[in-house]
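Colleague: This is the content of upload-v3.txt (compact mmCIF, C-alpha atoms and all ligand atoms):
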```txt
# COMPACT_ATOMS: atom_id res chain seq x y z
CA MET A 1 0.00 0.00 0.00
CA VAL A 2 1.40 3.38 -0.97
CA ALA A 3 0.61 5.92 1.73
CA ILE A 4 0.48 9.70 1.58
CA ASP A 5 3.68 11.30 2.88
CA GLU A 6 3.63 10.70 6.65
CA THR A 7 5.72 13.80 7.27
CA ALA A 8 3.14 16.19 5.86
CA THR A 9 2.47 18.97 8.34
CA THR A 10 -1.23 19.23 7.58
CA THR A 11 -3.57 17.41 9.94
CA GLY A 12 -5.48 15.75 7.12
CA VAL A 13 -8.45 16.37 4.88
CA SER A 14 -12.10 17.00 5.49
CA PHE A 15 -14.74 15.53 3.23
CA SER A 16 -17.16 18.35 3.95
CA LEU A 17 -17.35 21.13 1.40
CA THR A 18 -17.44 24.81 2.28
CA ASP A 19 -20.60 26.79 1.51
CA GLU A 20 -18.81 28.37 -1.49
CA GLN A 21 -17.85 24.95 -2.82
CA LYS A 22 -21.41 23.69 -2.44
CA GLU A 23 -22.68 26.73 -4.31
CA LEU A 24 -20.12 26.23 -7.08
CA ARG A 25 -21.15 22.60 -7.43
CA ALA A 26 -24.86 23.50 -7.45
CA LEU A 27 -24.26 26.21 -10.07
CA SER A 28 -22.38 23.72 -12.25
CA ARG A 29 -25.12 21.08 -11.90
CA GLU A 30 -27.78 23.63 -12.81
CA PHE A 31 -25.76 24.73 -15.83
CA ALA A 32 -25.31 21.11 -16.88
CA GLU A 33 -29.03 20.42 -16.54
CA LYS A 34 -30.31 23.55 -18.25
CA GLU A 35 -27.61 24.41 -20.78
CA ILE A 36 -25.73 21.20 -21.56
CA ARG A 37 -28.19 18.30 -21.42
CA PRO A 38 -30.63 19.86 -23.93
CA HIS A 39 -27.83 19.92 -26.55
CA GLU A 40 -26.28 16.58 -25.68
CA ALA A 41 -27.97 14.34 -28.25
CA GLU A 42 -27.89 16.82 -31.11
CA CYS A 43 -24.20 17.76 -30.64
CA ASP A 44 -23.34 14.05 -30.47
CA ASP A 45 -25.36 13.18 -33.54
CA LYS A 46 -24.14 16.07 -35.70
CA MET A 47 -20.64 16.24 -34.22
CA ARG A 48 -21.37 19.91 -33.56
CA HIS A 49 -19.01 22.26 -31.75
CA PRO A 50 -21.16 23.70 -28.90
CA VAL A 51 -20.16 27.31 -29.40
CA GLU A 52 -23.18 28.84 -27.65
CA VAL A 53 -22.78 26.59 -24.59
CA ILE A 54 -19.10 27.54 -24.35
CA GLU A 55 -20.07 31.22 -24.47
CA LYS A 56 -22.61 30.77 -21.67
CA ALA A 57 -20.12 28.82 -19.55
CA HIS A 58 -17.64 31.63 -20.08
CA ASP A 59 -20.21 34.28 -19.08
CA LEU A 60 -20.99 32.35 -15.89
CA GLY A 61 -17.30 32.01 -14.98
CA LEU A 62 -17.16 28.22 -15.41
CA MET A 63 -14.13 28.33 -17.72
CA ASN A 64 -10.44 28.99 -17.10
CA LEU A 65 -10.92 28.24 -13.41
CA HIS A 66 -7.23 28.01 -12.59
CA VAL A 67 -6.02 31.22 -14.19
CA PRO A 68 -4.61 33.25 -11.26
CA GLU A 69 -6.46 36.33 -10.05
CA GLU A 70 -3.66 38.72 -11.03
CA TYR A 71 -4.28 37.77 -14.68
CA GLY A 72 -8.04 38.23 -14.40
CA GLY A 73 -8.99 34.63 -13.57
CA PRO A 74 -10.82 33.18 -10.58
CA GLY A 75 -7.63 31.43 -9.40
CA LEU A 76 -9.54 28.47 -8.03
CA PRO A 77 -7.64 25.51 -6.59
CA SER A 78 -7.59 22.15 -8.39
CA PHE A 79 -9.99 20.78 -5.81
CA ASP A 80 -12.74 23.21 -6.80
CA GLY A 81 -12.17 22.23 -10.42
CA MET A 82 -13.24 18.70 -9.42
CA LEU A 83 -16.63 19.97 -8.31
CA VAL A 84 -17.26 21.91 -11.52
CA GLY A 85 -15.80 19.28 -13.87
CA GLU A 86 -17.85 16.35 -12.57
CA GLU A 87 -21.10 18.22 -13.16
CA LEU A 88 -20.21 19.53 -16.62
CA TYR A 89 -19.23 16.05 -17.81
CA TRP A 90 -22.32 14.62 -16.13
CA GLY A 91 -24.22 16.92 -18.50
CA CYS A 92 -22.28 15.72 -21.57
CA SER A 93 -18.61 14.81 -21.68
CA GLY A 94 -18.20 16.04 -25.26
CA ILE A 95 -19.47 19.49 -24.31
CA GLY A 96 -17.68 19.29 -20.95
CA THR A 97 -14.36 18.60 -22.67
CA SER A 98 -14.88 21.58 -24.99
CA ILE A 99 -15.47 23.83 -21.98
CA THR A 100 -12.64 22.56 -19.80
CA ALA A 101 -9.88 21.95 -22.36
CA ASN A 102 -8.51 25.47 -21.96
CA GLY A 103 -7.11 24.15 -18.69
CA LEU A 104 -4.81 21.81 -20.60
CA GLY A 105 -3.96 24.28 -23.38
CA SER A 106 -3.08 27.04 -20.93
CA GLY A 107 -1.48 24.68 -18.38
CA PRO A 108 2.12 25.25 -19.57
CA VAL A 109 1.64 29.04 -19.47
CA ILE A 110 0.07 28.96 -15.99
CA GLY A 111 2.75 26.61 -14.68
CA PHE A 112 5.86 27.84 -16.46
CA GLY A 113 5.17 31.14 -18.26
CA SER A 114 6.78 34.47 -17.34
CA ASP A 115 4.66 37.28 -15.95
CA GLU A 116 4.55 38.90 -19.39
CA GLN A 117 3.60 35.65 -21.13
CA LYS A 118 0.79 35.13 -18.62
CA ARG A 119 -0.55 38.62 -19.27
CA THR A 120 -0.30 38.14 -23.03
CA TRP A 121 -1.91 34.71 -23.28
CA LEU A 122 -4.04 34.15 -20.18
CA THR A 123 -5.82 37.48 -19.68
CA PRO A 124 -7.60 37.40 -23.08
CA LEU A 125 -9.04 33.97 -22.20
CA LEU A 126 -11.01 35.66 -19.44
CA GLU A 127 -12.07 38.63 -21.53
CA GLN A 128 -13.60 36.61 -24.37
CA PRO A 129 -14.70 33.00 -24.81
CA ILE A 130 -11.64 32.08 -26.83
CA LEU A 131 -10.13 28.62 -26.85
CA CYS A 132 -6.59 27.33 -26.66
CA SER A 133 -5.18 23.87 -27.32
CA PHE A 134 -2.41 21.57 -26.16
CA GLY A 135 -0.33 20.41 -29.12
CA LEU A 136 1.64 17.44 -27.93
CA SER A 137 0.44 14.33 -29.83
CA GLU A 138 1.61 13.60 -33.35
CA PRO A 139 0.68 10.97 -35.93
CA GLY A 140 3.70 8.92 -34.81
CA ALA A 141 3.97 10.01 -31.16
CA GLY A 142 1.13 9.55 -28.67
CA SER A 143 2.13 7.50 -25.64
CA ASP A 144 5.82 7.80 -26.54
CA VAL A 145 5.98 11.59 -26.38
CA ALA A 146 9.77 11.71 -26.48
CA SER A 147 9.70 10.41 -30.06
CA LEU A 148 7.84 13.39 -31.49
CA LYS A 149 9.18 14.73 -34.80
CA THR A 150 8.13 18.38 -34.90
CA THR A 151 11.21 20.62 -34.91
CA ALA A 152 11.83 24.21 -33.85
CA VAL A 153 15.04 25.72 -35.23
CA ARG A 154 16.29 28.99 -33.83
CA GLU A 155 17.03 31.77 -36.32
CA GLY A 156 17.99 35.00 -34.55
CA ASP A 157 15.10 36.06 -32.32
CA GLU A 158 12.72 33.58 -33.89
CA TYR A 159 12.07 29.87 -34.07
CA VAL A 160 11.00 28.16 -37.29
CA ILE A 161 8.63 25.29 -36.55
CA ASN A 162 7.87 22.34 -38.83
CA GLY A 163 5.82 19.24 -38.13
CA SER A 164 2.32 17.95 -37.61
CA LYS A 165 0.03 17.46 -34.65
CA THR A 166 -3.02 15.27 -34.32
CA PHE A 167 -5.86 14.42 -31.90
CA ILE A 168 -5.75 17.99 -30.62
CA THR A 169 -8.81 19.01 -28.62
CA ASN A 170 -10.52 22.22 -29.80
CA ALA A 171 -7.73 22.90 -32.32
CA GLY A 172 -10.26 23.68 -35.06
CA TYR A 173 -11.54 26.63 -33.01
CA ALA A 174 -8.50 27.61 -30.96
CA ALA A 175 -6.89 31.06 -31.00
CA TRP A 176 -3.54 29.59 -29.96
CA ALA A 177 -1.89 26.35 -28.93
CA THR A 178 0.98 25.39 -26.69
CA ILE A 179 2.99 23.12 -28.92
CA PHE A 180 5.97 20.91 -28.22
CA ALA A 181 8.85 20.59 -30.67
CA LYS A 182 12.39 19.24 -30.72
CA THR A 183 15.03 21.96 -30.31
CA GLY A 184 17.90 19.50 -30.25
CA LYS A 185 18.51 15.85 -31.06
CA THR A 186 16.44 14.68 -28.12
CA GLU A 187 15.53 17.77 -26.14
CA MET A 188 12.24 19.49 -26.71
CA SER A 189 10.81 22.91 -25.96
CA CYS A 190 7.35 24.41 -25.56
CA PHE A 191 6.01 27.34 -27.62
CA VAL A 192 2.81 29.31 -27.85
CA VAL A 193 1.75 29.30 -31.49
CA PRO A 194 -1.14 31.49 -32.68
CA MET A 195 -3.36 29.26 -34.81
CA ASP A 196 -3.66 31.99 -37.44
CA ALA A 197 0.13 32.26 -37.88
CA PRO A 198 1.26 31.86 -41.52
CA GLY A 199 2.12 28.19 -42.11
CA VAL A 200 -0.44 26.66 -39.73
CA THR A 201 -2.88 24.53 -41.71
CA LEU A 202 -5.81 22.88 -40.07
CA GLU A 203 -6.05 19.44 -41.58
CA LYS A 204 -9.33 17.96 -40.46
CA HIS A 205 -11.99 17.63 -37.83
CA LEU A 206 -11.76 14.01 -36.82
CA ASP A 207 -14.93 11.89 -36.77
CA LYS A 208 -14.87 10.24 -33.34
CA MET A 209 -16.74 7.32 -31.72
CA GLY A 210 -17.70 9.34 -28.64
CA GLN A 211 -17.41 12.78 -27.09
CA ARG A 212 -18.43 13.91 -30.53
CA ALA A 213 -19.36 17.44 -29.45
CA THR A 214 -15.68 18.16 -28.87
CA ASP A 215 -13.70 19.26 -31.86
CA THR A 216 -10.62 17.07 -32.28
CA SER A 217 -8.38 18.19 -35.11
CA ALA A 218 -5.04 17.71 -36.76
CA PHE A 219 -2.86 20.54 -37.99
CA ALA A 220 0.38 20.98 -39.87
CA LEU A 221 3.08 23.53 -39.14
CA GLN A 222 5.12 24.54 -42.15
CA ASP A 223 7.90 27.06 -41.59
CA VAL A 224 5.86 28.70 -38.86
CA ARG A 225 7.82 31.55 -37.30
CA VAL A 226 7.33 32.52 -33.68
CA SER A 227 9.28 34.96 -31.56
CA VAL A 228 11.66 33.67 -28.95
CA GLU A 229 9.27 35.39 -26.53
CA ASN A 230 6.75 32.66 -27.34
CA ARG A 231 8.98 29.98 -25.81
CA ILE A 232 7.65 28.79 -22.46
CA GLY A 233 10.46 28.03 -20.03
CA GLU A 234 14.02 27.45 -21.13
CA GLU A 235 15.09 25.64 -24.26
CA GLY A 236 15.02 21.92 -23.44
CA ASP A 237 12.40 22.21 -20.69
CA GLY A 238 9.59 20.99 -22.95
CA PHE A 239 9.37 17.36 -21.83
CA LYS A 240 9.18 18.23 -18.16
CA ILE A 241 6.66 21.00 -18.86
CA ALA A 242 4.47 18.52 -20.73
CA MET A 243 4.72 15.93 -17.96
CA ALA A 244 4.08 18.39 -15.14
CA THR A 245 1.12 19.85 -17.04
CA LEU A 246 -0.38 16.39 -17.46
CA ASP A 247 0.18 15.64 -13.77
CA ALA A 248 -1.86 18.73 -13.00
CA THR A 249 -4.64 18.12 -15.51
CA ARG A 250 -5.17 14.34 -15.25
CA PRO A 251 -7.35 14.58 -12.12
CA GLY A 252 -9.54 17.03 -14.06
CA THR A 253 -9.97 14.49 -16.83
CA ALA A 254 -10.49 11.70 -14.33
CA ILE A 255 -13.32 13.59 -12.63
CA GLY A 256 -14.93 13.92 -16.07
CA ALA A 257 -14.99 10.13 -16.19
CA VAL A 258 -16.69 10.18 -12.78
CA GLY A 259 -19.35 12.53 -14.19
CA VAL A 260 -20.04 10.16 -17.09
CA ALA A 261 -20.15 7.13 -14.78
CA GLN A 262 -22.48 8.95 -12.39
CA ALA A 263 -24.83 9.81 -15.24
CA ALA A 264 -24.90 6.17 -16.43
CA TYR A 265 -25.45 4.96 -12.87
CA GLU A 266 -28.40 7.32 -12.34
CA HIS A 267 -30.01 6.15 -15.58
CA ALA A 268 -29.45 2.50 -14.60
CA VAL A 269 -30.97 2.93 -11.13
CA ALA A 270 -34.04 4.70 -12.51
CA TYR A 271 -34.54 2.06 -15.20
CA ALA A 272 -34.01 -0.82 -12.78
CA LYS A 273 -36.82 0.48 -10.58
CA GLU A 274 -39.19 0.87 -13.50
CA ARG A 275 -38.59 -2.15 -15.71
CA VAL A 276 -40.47 -5.27 -14.66
CA THR A 277 -39.46 -8.85 -15.48
CA PHE A 278 -40.67 -12.05 -13.84
CA ASP A 279 -43.31 -9.90 -12.06
CA VAL A 280 -40.87 -7.67 -10.18
CA PRO A 281 -38.80 -4.57 -11.00
CA ILE A 282 -35.43 -5.75 -12.27
CA ALA A 283 -33.85 -3.89 -9.31
CA MET A 284 -35.11 -6.85 -7.22
CA HIS A 285 -32.96 -9.32 -9.16
CA GLN A 286 -29.61 -9.91 -7.56
CA GLY A 287 -27.91 -10.07 -10.97
CA VAL A 288 -28.93 -6.46 -11.52
CA ASN A 289 -28.68 -5.00 -8.05
CA PHE A 290 -25.17 -6.38 -7.54
CA MET A 291 -24.13 -4.55 -10.73
CA ILE A 292 -25.68 -1.35 -9.36
CA ALA A 293 -23.96 -1.87 -6.00
CA ASP A 294 -20.57 -2.22 -7.71
CA MET A 295 -21.21 0.87 -9.84
CA ALA A 296 -22.00 2.99 -6.76
CA THR A 297 -18.94 1.73 -4.87
CA GLU A 298 -16.49 2.20 -7.71
CA ILE A 299 -17.81 5.64 -8.65
CA GLU A 300 -17.37 6.78 -5.06
CA ALA A 301 -13.82 5.37 -4.97
CA SER A 302 -13.01 7.13 -8.26
CA ARG A 303 -14.34 10.43 -6.97
CA LEU A 304 -12.28 10.17 -3.80
CA LEU A 305 -9.11 9.39 -5.76
CA CYS A 306 -9.72 12.50 -7.88
CA TRP A 307 -10.36 14.64 -4.84
CA GLN A 308 -7.21 13.30 -3.19
CA ALA A 309 -5.01 13.95 -6.24
CA ALA A 310 -6.40 17.49 -6.60
CA TRP A 311 -5.91 18.13 -2.90
CA MET A 312 -2.28 17.00 -3.18
CA LEU A 313 -1.69 19.32 -6.12
CA ASP A 314 -3.19 22.19 -4.12
CA GLN A 315 -0.99 21.34 -1.14
CA GLY A 316 2.08 21.68 -3.36
CA TYR A 317 3.13 18.05 -3.36
CA GLY A 318 4.52 18.63 -6.86
CA ARG A 319 6.17 15.54 -8.29
CA LYS A 320 4.83 13.47 -5.38
CA ALA A 321 1.35 14.07 -6.77
CA THR A 322 2.30 12.30 -10.05
CA LEU A 323 1.46 8.90 -8.59
CA TYR A 324 -1.90 10.04 -7.25
CA SER A 325 -2.79 11.80 -10.48
CA SER A 326 -2.23 8.56 -12.34
CA PHE A 327 -4.14 6.55 -9.70
CA ALA A 328 -7.11 8.84 -10.29
CA LYS A 329 -6.91 8.82 -14.09
CA ARG A 330 -6.38 5.05 -14.34
CA PHE A 331 -9.11 4.07 -11.93
CA ALA A 332 -11.74 6.64 -12.92
CA ALA A 333 -11.32 5.97 -16.65
CA ASP A 334 -11.53 2.20 -16.28
CA THR A 335 -14.46 2.56 -13.87
CA ALA A 336 -16.36 4.77 -16.31
CA MET A 337 -15.90 2.14 -19.03
CA LYS A 338 -17.11 -0.64 -16.74
CA VAL A 339 -20.03 1.33 -15.28
CA THR A 340 -21.30 2.50 -18.66
CA THR A 341 -20.97 -1.00 -20.12
CA ASP A 342 -22.95 -2.40 -17.17
CA ALA A 343 -25.53 0.38 -17.55
CA VAL A 344 -26.10 -0.78 -21.13
CA GLN A 345 -26.46 -4.30 -19.72
CA VAL A 346 -29.10 -3.17 -17.20
CA PHE A 347 -31.08 -1.60 -20.04
CA GLY A 348 -30.74 -4.84 -22.08
CA GLY A 349 -31.78 -4.49 -25.72
CA TYR A 350 -32.88 -0.90 -25.13
CA GLY A 351 -29.41 -0.06 -23.88
CA TYR A 352 -28.03 -0.77 -27.33
CA ILE A 353 -30.47 1.58 -29.03
CA LYS A 354 -29.55 5.23 -29.61
CA GLU A 355 -32.92 6.47 -28.37
CA TYR A 356 -31.85 5.54 -24.83
CA PRO A 357 -29.10 7.54 -23.13
CA VAL A 358 -26.63 4.88 -22.02
CA GLU A 359 -25.41 3.90 -25.49
CA LYS A 360 -23.84 7.37 -25.90
CA LEU A 361 -22.33 7.24 -22.43
CA MET A 362 -20.59 3.95 -23.22
CA ARG A 363 -19.08 5.46 -26.39
CA ASP A 364 -18.10 8.61 -24.49
CA ALA A 365 -16.48 6.65 -21.66
CA LYS A 366 -14.03 4.89 -23.97
CA LEU A 367 -12.08 8.06 -24.63
CA PHE A 368 -11.12 8.45 -20.97
CA GLN A 369 -9.02 5.29 -21.30
CA ILE A 370 -7.14 6.89 -24.21
CA TYR A 371 -6.68 10.66 -24.01
CA GLU A 372 -4.31 12.44 -21.63
CA GLY A 373 -2.40 9.19 -21.29
CA THR A 374 -3.92 5.76 -21.87
CA SER A 375 -4.83 3.49 -18.96
CA GLN A 376 -1.68 1.52 -19.81
CA ILE A 377 0.48 4.66 -19.59
CA GLN A 378 -1.07 5.42 -16.19
CA ARG A 379 -0.08 1.94 -15.02
CA LEU A 380 3.42 2.50 -16.39
CA VAL A 381 3.69 5.79 -14.48
CA ILE A 382 2.33 4.16 -11.31
CA ALA A 383 4.78 1.26 -11.56
CA ARG A 384 7.72 3.62 -12.16
CA GLU A 385 6.74 5.79 -9.21
CA ILE A 386 6.54 2.70 -7.00
CA PHE A 387 9.84 1.17 -8.09
CA MET A 388 11.84 4.31 -9.04
CA PRO A 389 10.17 7.24 -7.23
CA LYS A 390 11.35 10.70 -8.30
CA GLY A 391 9.28 12.74 -5.83
N1 LIG B 401 7.14 15.61 -13.93
C1 LIG B 401 8.37 16.13 -14.12
N2 LIG B 401 9.36 15.46 -14.77
C2 LIG B 401 9.08 14.24 -15.21
C3 LIG B 401 7.82 13.62 -15.06
C4 LIG B 401 6.83 14.36 -14.36
N3 LIG B 401 5.64 13.85 -14.15
N4 LIG B 401 7.83 12.41 -15.61
C5 LIG B 401 9.07 12.23 -16.10
N5 LIG B 401 9.82 13.33 -15.87
C6 LIG B 401 11.23 13.53 -16.19
C7 LIG B 401 12.04 12.34 -15.69
O1 LIG B 401 12.40 12.53 -14.33
C8 LIG B 401 13.24 12.37 -16.61
O2 LIG B 401 14.11 13.40 -16.21
P1 LIG B 401 15.61 13.07 -15.73
O3 LIG B 401 16.24 12.42 -16.93
O4 LIG B 401 16.16 14.43 -15.40
O5 LIG B 401 15.44 12.16 -14.56
C9 LIG B 401 12.64 12.81 -17.94
O6 LIG B 401 11.44 13.51 -17.60
C10 LIG B 401 12.32 11.63 -18.84
O7 LIG B 401 11.41 10.79 -18.14
P2 LIG B 401 11.12 9.29 -18.58
O8 LIG B 401 12.44 8.59 -18.77
O9 LIG B 401 10.16 8.70 -17.60
O10 LIG B 401 10.44 9.49 -20.02
P3 LIG B 401 9.81 8.44 -21.04
O11 LIG B 401 10.18 8.86 -22.42
O12 LIG B 401 10.14 7.05 -20.61
O13 LIG B 401 8.22 8.69 -20.94
C11 LIG B 401 5.98 8.59 -20.09
C12 LIG B 401 7.50 8.72 -19.80
C13 LIG B 401 5.61 7.29 -20.74
C14 LIG B 401 5.35 8.67 -18.72
C15 LIG B 401 5.53 9.77 -20.97
O14 LIG B 401 6.00 9.63 -22.27
C16 LIG B 401 4.01 9.95 -21.00
O15 LIG B 401 3.41 10.50 -20.06
N6 LIG B 401 3.37 9.51 -22.09
C17 LIG B 401 1.93 9.75 -22.28
C18 LIG B 401 1.70 11.09 -22.88
C19 LIG B 401 0.28 11.48 -22.91
O16 LIG B 401 -0.37 11.57 -21.89
N7 LIG B 401 -0.20 11.75 -24.11
C20 LIG B 401 -1.51 12.23 -24.27
C21 LIG B 401 -1.45 13.50 -25.04
S1 LIG B 401 -2.02 14.88 -24.22
S2 LIG B 401 -3.97 14.80 -24.47
```
Produce structure tokens that represent the structure in this file.
Ligand code: COS
Modeller:
Amino acid sequence: MVAIDETATTTGVSFSLTDEQKELRALSREFAEKEIRPHEAECDDKMRHPVEVIEKAHDLGLMNLHVPEEYGGPGLPSFDGMLVGEELYWGCSGIGTSITANGLGSGPVIGFGSDEQKRTWLTPLLEQPILCSFGLSEPGAGSDVASLKTTAVREGDEYVINGSKTFITNAGYAAWATIFAKTGKTEMSCFVVPMDAPGVTLEKHLDKMGQRATDTSAFALQDVRVSVENRIGEEGDGFKIAMATLDATRPGTAIGAVGVAQAAYEHAVAYAKERVTFDVPIAMHQGVNFMIADMATEIEASRLLCWQAAWMLDQGYGRKATLYSSFAKRFAADTAMKVTTDAVQVFGGYGYIKEYPVEKLMRDAKLFQIYEGTSQIQRLVIAREIFMPKG
């Protein structure tokens, strides 16, 4: 059993939320019910970017939660992001991802940008509902990030960037992206690239199995010139910036999986009470109610892992939070897949039909096991942290 650092000075955690946190959660649930759920089926069906929902979320202050106050943001801790994220993804994970993905795109700037870079790139995110993306993955480099091929060559006060990126959330609508490129044989660096810079070509909006409301695009960079001022951190810091950003954002993705699982669970419970077979509601059959019991238990465990990882990030555990971030992402993603699959099972034949809600949730859940590090990568990180801890 891997325990939290015994030497921590804090006396522990409380599971009770403050009044402000309860209000934030209630506001997010209300937004999900009234503004997200009504668009869920249509955005999924048509693969439609939910621009008007994003604008409303922005107006209400449900976006860019972690941008510090001095740059115009609410500066909320990671923990509070858990409360908002679960509800938004409960509404629809495709729309939820579109709303929350600025957290990933802006993560390198928040974590590693200079004061001037933060003013330049973060403040506008609060002023208008503009989007930013995280350009790490490439056609030949997903799990094995270190093998990416995009290059950035320094010429005077500029870098010339060439390469291609794929599976990039919101890239089709983003104003800018933090992209990662090789600046040496193996070392990589991080740059902010405006998406309207000459040489950036949007390749396609990818047609996904689930979370179809979120735009996922590929783009090419051909002789794209950015100022040296667009480099985040020092030359060669890129890999660590990417890893630290993912450590910070994985609990946010994991709590999205909790939101999807919670939605599937609620549908399954309601249906199990209503549907009668062999003269009783199917909730009375042990085969069904054991499935529901497991769903409830595993969702709660997932939520607590997310809360714990976020709490550790807020407490400044830094690299020690890596393990807990991966615990949360691995367990919540796999739980969402299992819970949504079982929810389809509870619905039987109807579960497989698009008219009923759980079919979409099962498709949506799959992506949590893939993006922001597959479930296998999370296990790899966990195993490395156990056997070769760096924190
Ligand atoms: N924070 C800070 N530094 C980290 C780190 C972290 N979480 N993880 C690794 N590093 C450091 C290591 O300490 C090492 O530095 P030193 O050489 O100074 O010790 C360096 O980075 C290289 O680490 P490592 O050898 O572990 O790198 P690998 O190439 O083996 O890759 C994995 C590590 C697999 C964990 C990484 O490639 C990964 O996370 N892949 C998944 C990427 C992903 O999530 N993609 C989704 C796209 S974003 S939607």
Colleague: Give me the chain A side of the contact with ligand LIG 401 (chain B), cut-off 9 Å, one line per residue showing its nearest atom pair and distance in Å at one decimal, counting all atoms listed in the file, sorted by chain and residue number, as JSON lines.
Modeller:
```
{"residue": "A:Leu104", "atom": "CA", "partner": "B:LIG401", "partner_atom": "S2", "distance": 8.1}
{"residue": "A:Phe134", "atom": "CA", "partner": "B:LIG401", "partner_atom": "S1", "distance": 7.0}
{"residue": "A:Gly135", "atom": "CA", "partner": "B:LIG401", "partner_atom": "S1", "distance": 7.6}
{"residue": "A:Leu136", "atom": "CA", "partner": "B:LIG401", "partner_atom": "C21", "distance": 5.8}
{"residue": "A:Ser137", "atom": "CA", "partner": "B:LIG401", "partner_atom": "C21", "distance": 5.2}
{"residue": "A:Glu138", "atom": "CA", "partner": "B:LIG401", "partner_atom": "C21", "distance": 8.9}
{"residue": "A:Ala141", "atom": "CA", "partner": "B:LIG401", "partner_atom": "N7", "distance": 8.4}
{"residue": "A:Gly142", "atom": "CA", "partner": "B:LIG401", "partner_atom": "N7", "distance": 5.2}
{"residue": "A:Ser143", "atom": "CA", "partner": "B:LIG401", "partner_atom": "C17", "distance": 4.0}
{"residue": "A:Asp144", "atom": "CA", "partner": "B:LIG401", "partner_atom": "O14", "distance": 4.6}
{"residue": "A:Val145", "atom": "CA", "partner": "B:LIG401", "partner_atom": "O14", "distance": 4.6}
{"residue": "A:Ala146", "atom": "CA", "partner": "B:LIG401", "partner_atom": "O11", "distance": 5.0}
{"residue": "A:Ser147", "atom": "CA", "partner": "B:LIG401", "partner_atom": "O11", "distance": 7.8}
{"residue": "A:Phe167", "atom": "CA", "partner": "B:LIG401", "partner_atom": "S2", "distance": 7.7}
{"residue": "A:Ile168", "atom": "CA", "partner": "B:LIG401", "partner_atom": "S2", "distance": 7.2}
{"residue": "A:Thr169", "atom": "CA", "partner": "B:LIG401", "partner_atom": "S2", "distance": 7.6}
{"residue": "A:Phe239", "atom": "CA", "partner": "B:LIG401", "partner_atom": "O6", "distance": 6.1}
{"residue": "A:Lys240", "atom": "CA", "partner": "B:LIG401", "partner_atom": "N2", "distance": 4.4}
{"residue": "A:Ile241", "atom": "CA", "partner": "B:LIG401", "partner_atom": "C1", "distance": 7.0}
{"residue": "A:Ala242", "atom": "CA", "partner": "B:LIG401", "partner_atom": "N1", "distance": 7.9}
{"residue": "A:Met243", "atom": "CA", "partner": "B:LIG401", "partner_atom": "N3", "distance": 4.4}
{"residue": "A:Ala244", "atom": "CA", "partner": "B:LIG401", "partner_atom": "N1", "distance": 4.3}
{"residue": "A:Thr245", "atom": "CA", "partner": "B:LIG401", "partner_atom": "N1", "distance": 8.0}
{"residue": "A:Leu246", "atom": "CA", "partner": "B:LIG401", "partner_atom": "O16", "distance": 6.5}
{"residue": "A:Asp247", "atom": "CA", "partner": "B:LIG401", "partner_atom": "N3", "distance": 5.8}
{"residue": "A:Arg250", "atom": "CA", "partner": "B:LIG401", "partner_atom": "O16", "distance": 8.6}
{"residue": "A:Gly318", "atom": "CA", "partner": "B:LIG401", "partner_atom": "N1", "distance": 8.1}
{"residue": "A:Arg319", "atom": "CA", "partner": "B:LIG401", "partner_atom": "N1", "distance": 5.7}
{"residue": "A:Lys320", "atom": "CA", "partner": "B:LIG401", "partner_atom": "N3", "distance": 8.8}
{"residue": "A:Ala321", "atom": "CA", "partner": "B:LIG401", "partner_atom": "N3", "distance": 8.5}
{"residue": "A:Thr322", "atom": "CA", "partner": "B:LIG401", "partner_atom": "N3", "distance": 5.5}
{"residue": "A:Leu323", "atom": "CA", "partner": "B:LIG401", "partner_atom": "N3", "distance": 8.5}
{"residue": "A:Ile370", "atom": "CA", "partner": "B:LIG401", "partner_atom": "C20", "distance": 7.8}
{"residue": "A:Tyr371", "atom": "CA", "partner": "B:LIG401", "partner_atom": "S2", "distance": 5.0}
{"residue": "A:Glu372", "atom": "CA", "partner": "B:LIG401", "partner_atom": "S2", "distance": 3.7}
{"residue": "A:Gly373", "atom": "CA", "partner": "B:LIG401", "partner_atom": "O16", "distance": 3.2}
{"residue": "A:Thr374", "atom": "CA", "partner": "B:LIG401", "partner_atom": "O16", "distance": 6.8}
{"residue": "A:Ile377", "atom": "CA", "partner": "B:LIG401", "partner_atom": "C13", "distance": 5.9}
{"residue": "A:Gln378", "atom": "CA", "partner": "B:LIG401", "partner_atom": "C14", "distance": 7.6}
{"residue": "A:Leu380", "atom": "CA", "partner": "B:LIG401", "partner_atom": "C13", "distance": 6.8}
{"residue": "A:Val381", "atom": "CA", "partner": "B:LIG401", "partner_atom": "C14", "distance": 5.4}
{"residue": "A:Arg384", "atom": "CA", "partner": "B:LIG401", "partner_atom": "O9", "distance": 7.8}
{"residue": "A:Lys390", "atom": "CA", "partner": "B:LIG401", "partner_atom": "O1", "distance": 6.4}
{"residue": "A:Gly391", "atom": "CA", "partner": "B:LIG401", "partner_atom": "N1", "distance": 8.9}
```
Colleague: Please indicate the distance in Å from atom CA of Thr249 of chain A to atom CA of Asp115 of chain A, rounded to one decimal place.
Modeller: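 Here the two named atoms are 21.3 Å from each other.
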Colleague: Could you check how far atom CA of Ile110 of chain A sits from atom CA of Val67 of chain A, in Å to one decimal?
Modeller: 6.7 Å
Colleague: With all atoms listed in the file as the atoms that count, which of A:Ala261, A:Val200, A:Leu83, A:Val226 lies nearest to Ala332 of chain A?
Modeller: A:Ala261
Colleague: Find the residues near Glu30 of chain A: any atom within 9 Å, counting all atoms listed in the file, skip ones fewer than 5 places away on the same chain, and give them as a ChimeraX atom specification.
Modeller: /A:25,35,87
